[in-house]
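entry_9.cif follows (mmCIF, C-alpha atoms):
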```cif
data_upload
#
loop_
_atom_site.label_atom_id
_atom_site.label_comp_id
_atom_site.auth_asym_id
_atom_site.auth_seq_id
_atom_site.Cartn_x
_atom_site.Cartn_y
_atom_site.Cartn_z
CA MET W 21 3.61 9.98 -19.31
CA SER W 22 2.39 13.54 -18.92
CA THR W 23 5.18 16.08 -18.55
CA SER W 24 3.21 18.11 -16.01
CA SER W 25 3.96 17.59 -12.32
CA PRO W 26 1.31 15.55 -10.50
CA ASP W 27 -0.38 16.53 -7.26
CA VAL W 28 0.07 12.96 -6.03
CA THR W 29 2.32 10.10 -7.10
CA VAL W 30 1.09 6.60 -6.28
CA ILE W 31 3.74 3.87 -6.07
CA LEU W 32 2.38 0.44 -7.00
CA PRO W 33 5.02 -2.29 -6.38
CA CYS W 34 4.28 -5.28 -8.65
CA ALA W 35 7.72 -6.90 -8.75
CA GLY W 36 7.32 -9.50 -6.00
CA PHE W 37 7.31 -13.24 -6.65
CA GLY W 38 4.36 -14.11 -4.37
CA VAL W 39 5.74 -17.56 -3.56
CA ARG W 40 3.33 -18.03 -0.64
CA PHE W 41 0.31 -17.53 -2.87
CA GLY W 42 0.88 -20.89 -4.52
CA ALA W 43 -0.92 -20.29 -7.84
CA PRO W 44 0.37 -20.49 -11.44
CA TYR W 45 -0.54 -16.83 -12.04
CA SER W 46 0.20 -13.52 -10.37
CA LYS W 47 -1.72 -13.10 -7.12
CA GLU W 48 -2.77 -9.61 -8.25
CA LEU W 49 -4.88 -11.26 -10.98
CA HIS W 50 -6.68 -13.68 -8.67
CA CYS W 51 -10.40 -13.42 -9.45
CA LEU W 52 -12.60 -12.09 -6.64
CA ALA W 53 -15.77 -11.71 -8.71
CA PRO W 54 -16.61 -12.01 -12.41
CA GLY W 55 -14.32 -9.55 -14.19
CA VAL W 56 -12.80 -8.26 -10.94
CA SER W 57 -9.32 -9.20 -9.73
CA VAL W 58 -7.36 -8.41 -6.58
CA ILE W 59 -5.52 -5.53 -8.27
CA ASP W 60 -8.82 -4.04 -9.45
CA ARG W 61 -10.00 -3.87 -5.84
CA SER W 62 -6.63 -2.45 -4.78
CA LEU W 63 -6.85 0.32 -7.37
CA GLU W 64 -10.36 1.45 -6.42
CA THR W 65 -8.93 4.07 -4.06
CA VAL W 66 -6.45 5.28 -6.71
CA VAL W 67 -9.18 5.68 -9.34
CA GLU W 68 -11.28 7.57 -6.78
CA LEU W 69 -8.28 9.82 -6.08
CA ALA W 70 -7.89 10.62 -9.78
CA ARG W 71 -11.61 11.34 -10.09
CA SER W 72 -11.47 13.71 -7.10
CA GLY W 73 -9.84 16.37 -9.28
CA LEU W 74 -6.22 15.79 -8.27
CA SER W 75 -3.55 15.06 -10.87
CA VAL W 76 -2.28 11.52 -10.19
CA ARG W 77 0.78 9.71 -11.55
CA LEU W 78 0.81 5.93 -11.02
CA VAL W 79 4.35 4.49 -10.95
CA VAL W 80 4.22 0.72 -11.45
CA VAL W 81 7.33 -1.21 -10.42
CA PHE W 82 7.55 -4.56 -12.22
CA ARG W 83 9.75 -7.45 -13.38
CA THR W 84 9.30 -9.61 -16.47
CA HIS W 85 7.41 -12.32 -14.59
CA LYS W 86 4.65 -9.76 -13.99
CA LEU W 87 3.97 -8.87 -17.64
CA ASP W 88 0.48 -10.34 -17.22
CA VAL W 89 -0.19 -7.65 -14.61
CA VAL W 90 1.27 -4.97 -16.88
CA GLY W 91 -1.12 -6.08 -19.62
CA HIS W 92 -4.07 -6.01 -17.25
CA LEU W 93 -3.29 -2.42 -16.26
CA ALA W 94 -3.84 -1.29 -19.87
CA GLY W 95 -7.51 -1.15 -18.94
CA TYR W 96 -6.80 1.83 -16.65
CA THR W 97 -5.34 4.21 -19.22
CA ARG W 98 -8.52 6.31 -19.27
CA ASP W 99 -8.45 6.92 -15.54
CA LEU W 100 -4.76 6.95 -14.66
CA ASN W 101 -1.54 8.48 -15.96
CA MET W 102 0.79 5.49 -15.68
CA VAL W 103 4.54 5.03 -15.97
CA PHE W 104 6.32 1.66 -15.66
CA VAL W 105 9.78 1.11 -14.22
CA TYR W 106 11.73 -2.13 -13.97
CA GLN W 107 12.81 -3.15 -10.46
CA ASP W 108 16.34 -1.88 -9.85
CA ASP W 109 18.30 -4.93 -8.71
CA SER W 110 21.03 -2.75 -7.21
CA PHE W 111 18.57 -2.07 -4.37
CA GLU W 112 17.46 -4.63 -1.80
CA ASP W 113 15.18 -7.30 -3.27
CA SER W 114 12.18 -6.33 -1.19
CA LEU W 115 9.32 -3.88 -0.92
CA SER W 116 11.69 -1.16 0.25
CA GLY W 117 13.81 -1.76 -2.87
CA ALA W 118 10.75 -1.38 -5.08
CA ILE W 119 9.93 1.92 -3.37
CA ARG W 120 13.49 3.16 -3.93
CA THR W 121 13.17 2.24 -7.60
CA ALA W 122 10.03 4.36 -7.96
CA LEU W 123 11.05 7.43 -5.94
CA PRO W 124 13.03 9.20 -8.72
CA LEU W 125 9.75 9.37 -10.67
CA ALA W 126 7.73 10.67 -7.72
CA GLU W 127 6.57 14.26 -7.33
CA GLY W 128 4.12 15.92 -4.97
CA ARG W 129 2.64 13.88 -2.17
CA VAL W 130 3.56 10.21 -2.50
CA ALA W 131 1.25 7.32 -1.68
CA LEU W 132 2.27 3.68 -1.28
CA VAL W 133 -0.51 1.36 -2.47
CA LEU W 134 0.10 -2.39 -2.44
CA PRO W 135 -1.49 -4.36 -5.30
CA ASP W 136 -2.28 -7.36 -3.08
CA ILE W 137 -4.21 -5.49 -0.37
CA THR W 138 -7.94 -4.91 -0.68
CA LEU W 139 -9.92 -2.72 1.70
CA VAL W 140 -13.09 -3.81 3.48
CA GLY W 141 -16.08 -1.75 4.55
CA PRO W 142 -18.46 0.92 3.26
CA GLY W 143 -16.81 4.08 2.00
CA SER W 144 -13.32 2.57 2.03
CA GLU W 145 -12.75 3.60 -1.59
CA ARG W 146 -12.60 7.23 -0.41
CA SER W 147 -9.96 6.54 2.25
CA LEU W 148 -6.96 7.46 0.07
CA VAL W 149 -8.55 10.79 -0.90
CA GLU W 150 -8.97 11.55 2.80
CA ALA W 151 -5.46 10.41 3.67
CA VAL W 152 -3.88 12.60 0.98
CA GLY W 153 -5.66 15.58 2.50
CA ARG W 154 -4.45 14.78 6.01
CA THR W 155 -0.69 14.50 5.59
CA GLU W 156 -0.07 17.73 7.50
CA PRO W 157 1.28 18.68 9.99
CA SER W 158 3.35 15.50 10.51
CA GLY W 159 3.94 14.95 6.81
CA TRP W 160 2.43 11.46 7.05
CA CYS W 161 -0.94 9.74 6.99
CA VAL W 162 -1.87 6.07 7.00
CA VAL W 163 -4.98 4.17 6.02
CA ALA W 164 -5.29 1.60 8.79
CA ALA W 165 -7.53 -1.00 10.39
CA ARG W 166 -7.77 -2.42 13.89
CA GLY W 167 -8.76 -5.84 15.17
CA PHE W 168 -5.92 -8.05 13.88
CA ALA W 169 -4.80 -11.05 15.87
CA PRO W 170 -1.16 -11.01 17.13
CA GLU W 171 -0.09 -13.65 14.60
CA ALA W 172 -1.39 -11.44 11.79
CA LEU W 173 0.38 -8.34 13.12
CA ARG W 174 3.70 -10.21 12.94
CA GLU W 175 3.24 -10.27 9.14
CA LEU W 176 2.08 -6.67 8.72
CA GLY W 177 3.05 -3.06 9.33
CA ALA W 178 1.90 -2.85 12.93
CA LEU W 179 0.67 0.38 14.51
CA ARG W 180 -0.44 1.64 17.89
CA LEU W 181 -3.34 4.01 17.32
CA ALA W 182 -4.88 6.41 19.83
CA GLU W 183 -7.52 9.09 19.78
CA HIS W 184 -6.19 12.64 19.52
CA GLU W 185 -7.95 15.97 19.74
CA GLU W 186 -7.42 16.36 15.98
CA GLY W 187 -8.33 12.76 15.15
CA VAL W 188 -6.66 9.36 15.31
CA ARG W 189 -2.86 9.38 15.49
CA VAL W 190 -0.09 6.78 15.26
CA LEU W 191 1.79 6.53 18.56
CA ALA W 192 4.19 3.79 17.42
CA ALA W 193 4.88 1.73 14.30
CA GLU W 194 6.98 -1.31 13.43
CA GLU W 195 7.25 -3.46 10.32
CA LYS W 196 6.51 -7.14 11.08
CA PRO W 197 7.25 -6.93 14.80
CA ARG W 198 8.49 -10.03 16.55
CA ARG W 199 6.57 -8.93 19.61
CA PRO W 200 3.23 -7.44 18.55
CA ASP W 201 2.11 -6.70 22.13
CA GLY W 202 1.09 -3.08 22.40
CA PHE W 203 0.07 -2.74 18.76
CA ASN W 204 -3.64 -2.51 17.95
CA ALA W 205 -3.77 -1.90 14.18
CA ALA W 206 -1.95 -2.28 10.86
CA TRP W 207 -1.54 -0.01 7.86
CA ALA W 208 -2.93 -0.76 4.41
CA MET W 209 -1.67 2.39 2.62
CA VAL W 210 0.77 5.17 3.48
CA VAL W 211 0.93 8.76 2.23
CA ALA W 212 3.98 10.99 2.67
CA GLY W 213 4.30 14.71 2.07
CA PRO W 214 6.91 15.95 -0.45
CA GLU W 215 9.50 16.65 2.26
CA GLU W 216 9.11 13.19 3.84
CA ALA W 217 8.75 10.95 0.79
CA HIS W 218 12.45 10.03 0.76
CA ARG W 219 11.82 8.08 3.98
CA LEU W 220 9.09 5.86 2.50
CA PRO W 221 11.45 2.86 2.10
CA GLU W 222 11.98 2.88 5.88
CA VAL W 223 8.27 2.18 6.38
CA ALA W 224 8.76 -1.28 4.82
CA LEU W 225 12.08 -2.21 6.45
CA GLN W 226 11.89 -4.65 9.36
CA GLY W 227 13.93 -3.34 12.28
CA ALA W 228 14.11 0.21 10.90
CA ASP W 229 13.11 3.28 12.88
CA SER W 230 9.68 3.85 11.34
CA PRO W 231 8.84 7.44 10.37
CA LEU W 232 5.13 6.81 10.97
CA ALA W 233 5.07 7.78 14.66
CA GLY W 234 2.94 10.91 14.86
CA ALA W 235 1.18 10.29 11.56
CA SER W 236 -2.51 10.93 11.09
CA ALA W 237 -4.68 7.86 10.52
CA VAL W 238 -7.75 7.24 8.40
CA GLU W 239 -9.47 4.11 9.66
CA VAL W 240 -11.32 1.56 7.55
CA ALA W 241 -13.28 -1.48 8.71
CA GLY W 242 -10.51 -3.85 7.63
CA PHE W 243 -8.37 -5.15 4.80
CA ILE W 244 -7.26 -8.43 3.27
CA ASN W 245 -3.57 -8.93 2.57
CA PHE W 246 -3.20 -11.50 -0.21
CA ASN W 247 0.54 -11.70 0.42
CA THR W 248 -0.30 -13.79 3.49
CA VAL W 249 -2.69 -16.03 1.57
CA GLU W 250 -1.33 -19.53 0.91
CA THR W 251 -4.38 -20.84 -0.94
CA PRO W 252 -6.23 -18.70 -3.50
CA GLY W 253 -9.51 -17.47 -2.05
CA MET W 254 -8.46 -17.68 1.61
CA SER W 255 -8.22 -14.48 3.61
CA PHE W 256 -5.90 -14.87 6.59
CA ALA W 257 -5.16 -11.26 7.47
CA HIS W 258 -8.45 -9.50 7.90
CA ARG W 259 -10.43 -7.88 10.63
CA ASP W 260 -13.11 -9.91 12.37
CA ARG W 261 -16.43 -8.34 11.39
#
```
File written out as C-alpha cells:
Amino acid sequence: MSTSSPDVTVILPCAGFGVRFGAPYSKELHCLAPGVSVIDRSLETVVELARSGLSVRLVVVFRTHKLDVVGHLAGYTRDLNMVFVYQDDSFEDSLSGAIRTALPLAEGRVALVLPDITLVGPGSERSLVEAVGRTEPSGWCVVAARGFAPEALRELGALRLAEHEEGVRVLAAEEKPRRPDGFNAAWAMVVAGPEEAHRLPEVALQGADSPLAGASAVEVAGFINFNTVETPGMSFAHRDR
C-alpha cells in the first residue's frame, strides 16, 4: 500500500456469505459476459475514478471463503492501490460491520461501493467521479436510481429524491424500509466527506437514523443488485427500462 494519503478511499465489502445467490462460487465472480464478472462491472466506476487523476485507495474487506475474489482482484493492481483487511468479528456480522472494519484505513473522501451491484445505462461508469465531486455542502452524495417496485425497495437502501435548485437532493432515506411508501429511489453507491465518513455504517443499519437526508444525488438509469438474486443470471432488483 502506498504511504501517501489518498484523495478518495473506496470501501469494497467482500466478506458476505451470499446465501441467497445459491451458487457454488462467490456471487461477485458470476460471469456476465466472456471474461467479465459481476465484480468487474462493479469496479468500472472505481477504475474510472482512479483514471480521473485522483489518488484512490481501495480497501477490500474479506473473509477466507472469499479468497477466490481476492485472487481475481490481482488483475487490478495496475489501476488501483489496494489494501486487504479481514472482517473484524468483534463488529456486527453485517455490511455495517464490514464498513467499520475498513474505516481505520480510510482517508480523504470515502466511497462505499458494493461488489454485487452493477450500474445500468450510458455514462454510468462516470457516476462515482461525479458523486465524489458533489459531496459538499452536505458532506454526502449518493449514486441512485428511480423506478423500483415497492417489494424491491424493501430490500434496498430506499430514498426519496426531489429536484432542488442545485440539483437532485435526498429528502429522506431508510435502509430496507418495512413501509416503502413515499420512497421513489434507491442508492447504489454512497460517498461521504472526511468529516462525515465515521457515520457511513449508519447508512447500512436497518432502523438507524440515516445520515443521507440532504445529500446530493447523481442519478443513473438503474442498477442490478445481485444480493437479491436467488438464481444466477436473474436480475430481480432493477429499474424497468
Expected selection from the PyMOL selection byres ((chain W and resi 166-179) around 8), given as a ChimeraX atom specification: /W:164-165,180-181,190-201,203-207,223-224,239,241-242,248,256-260
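Residue selection for this entry, given the PyMOL selection byres ((chain W and resi 92-108) around 6), comprises Arg77, Leu78, Val79, Val80, Val81, Phe82, Arg83, Val89, Val90, Gly91, Asp109, Ser110, Phe111 and Thr121 of chain W.
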Closest contacts (region 199-253 of chain W/region 128-143 of chain W, max 6 Å, all atoms listed in the file) as a tab-separated table:
```
residue	atom	partner	partner_atom	distance
W:Met209	CA	W:Val133	CA	5.3
W:Val210	CA	W:Leu132	CA	5.2
W:Val211	CA	W:Ala131	CA	4.2
W:Ala212	CA	W:Val130	CA	5.2
W:Gly213	CA	W:Arg129	CA	4.6
W:Pro214	CA	W:Arg129	CA	5.0
W:Ala241	CA	W:Gly141	CA	5.0
W:Gly242	CA	W:Val140	CA	4.9
W:Phe243	CA	W:Leu139	CA	4.2
W:Ile244	CA	W:Thr138	CA	5.3
W:Asn245	CA	W:Ile137	CA	4.6
W:Phe246	CA	W:Asp136	CA	5.1
```
Give me, please, the distance in Å between CA of Asp113 (chain W) and CA of Thr65 (chain W), quoted to one decimal.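 Distance between the two atoms: 26.7 Å.
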Report the distance between CA of Ala217 (chain W) and CA of Val152 (chain W) in Å, rounded to one decimal place.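 A separation of 12.7 Å between them.
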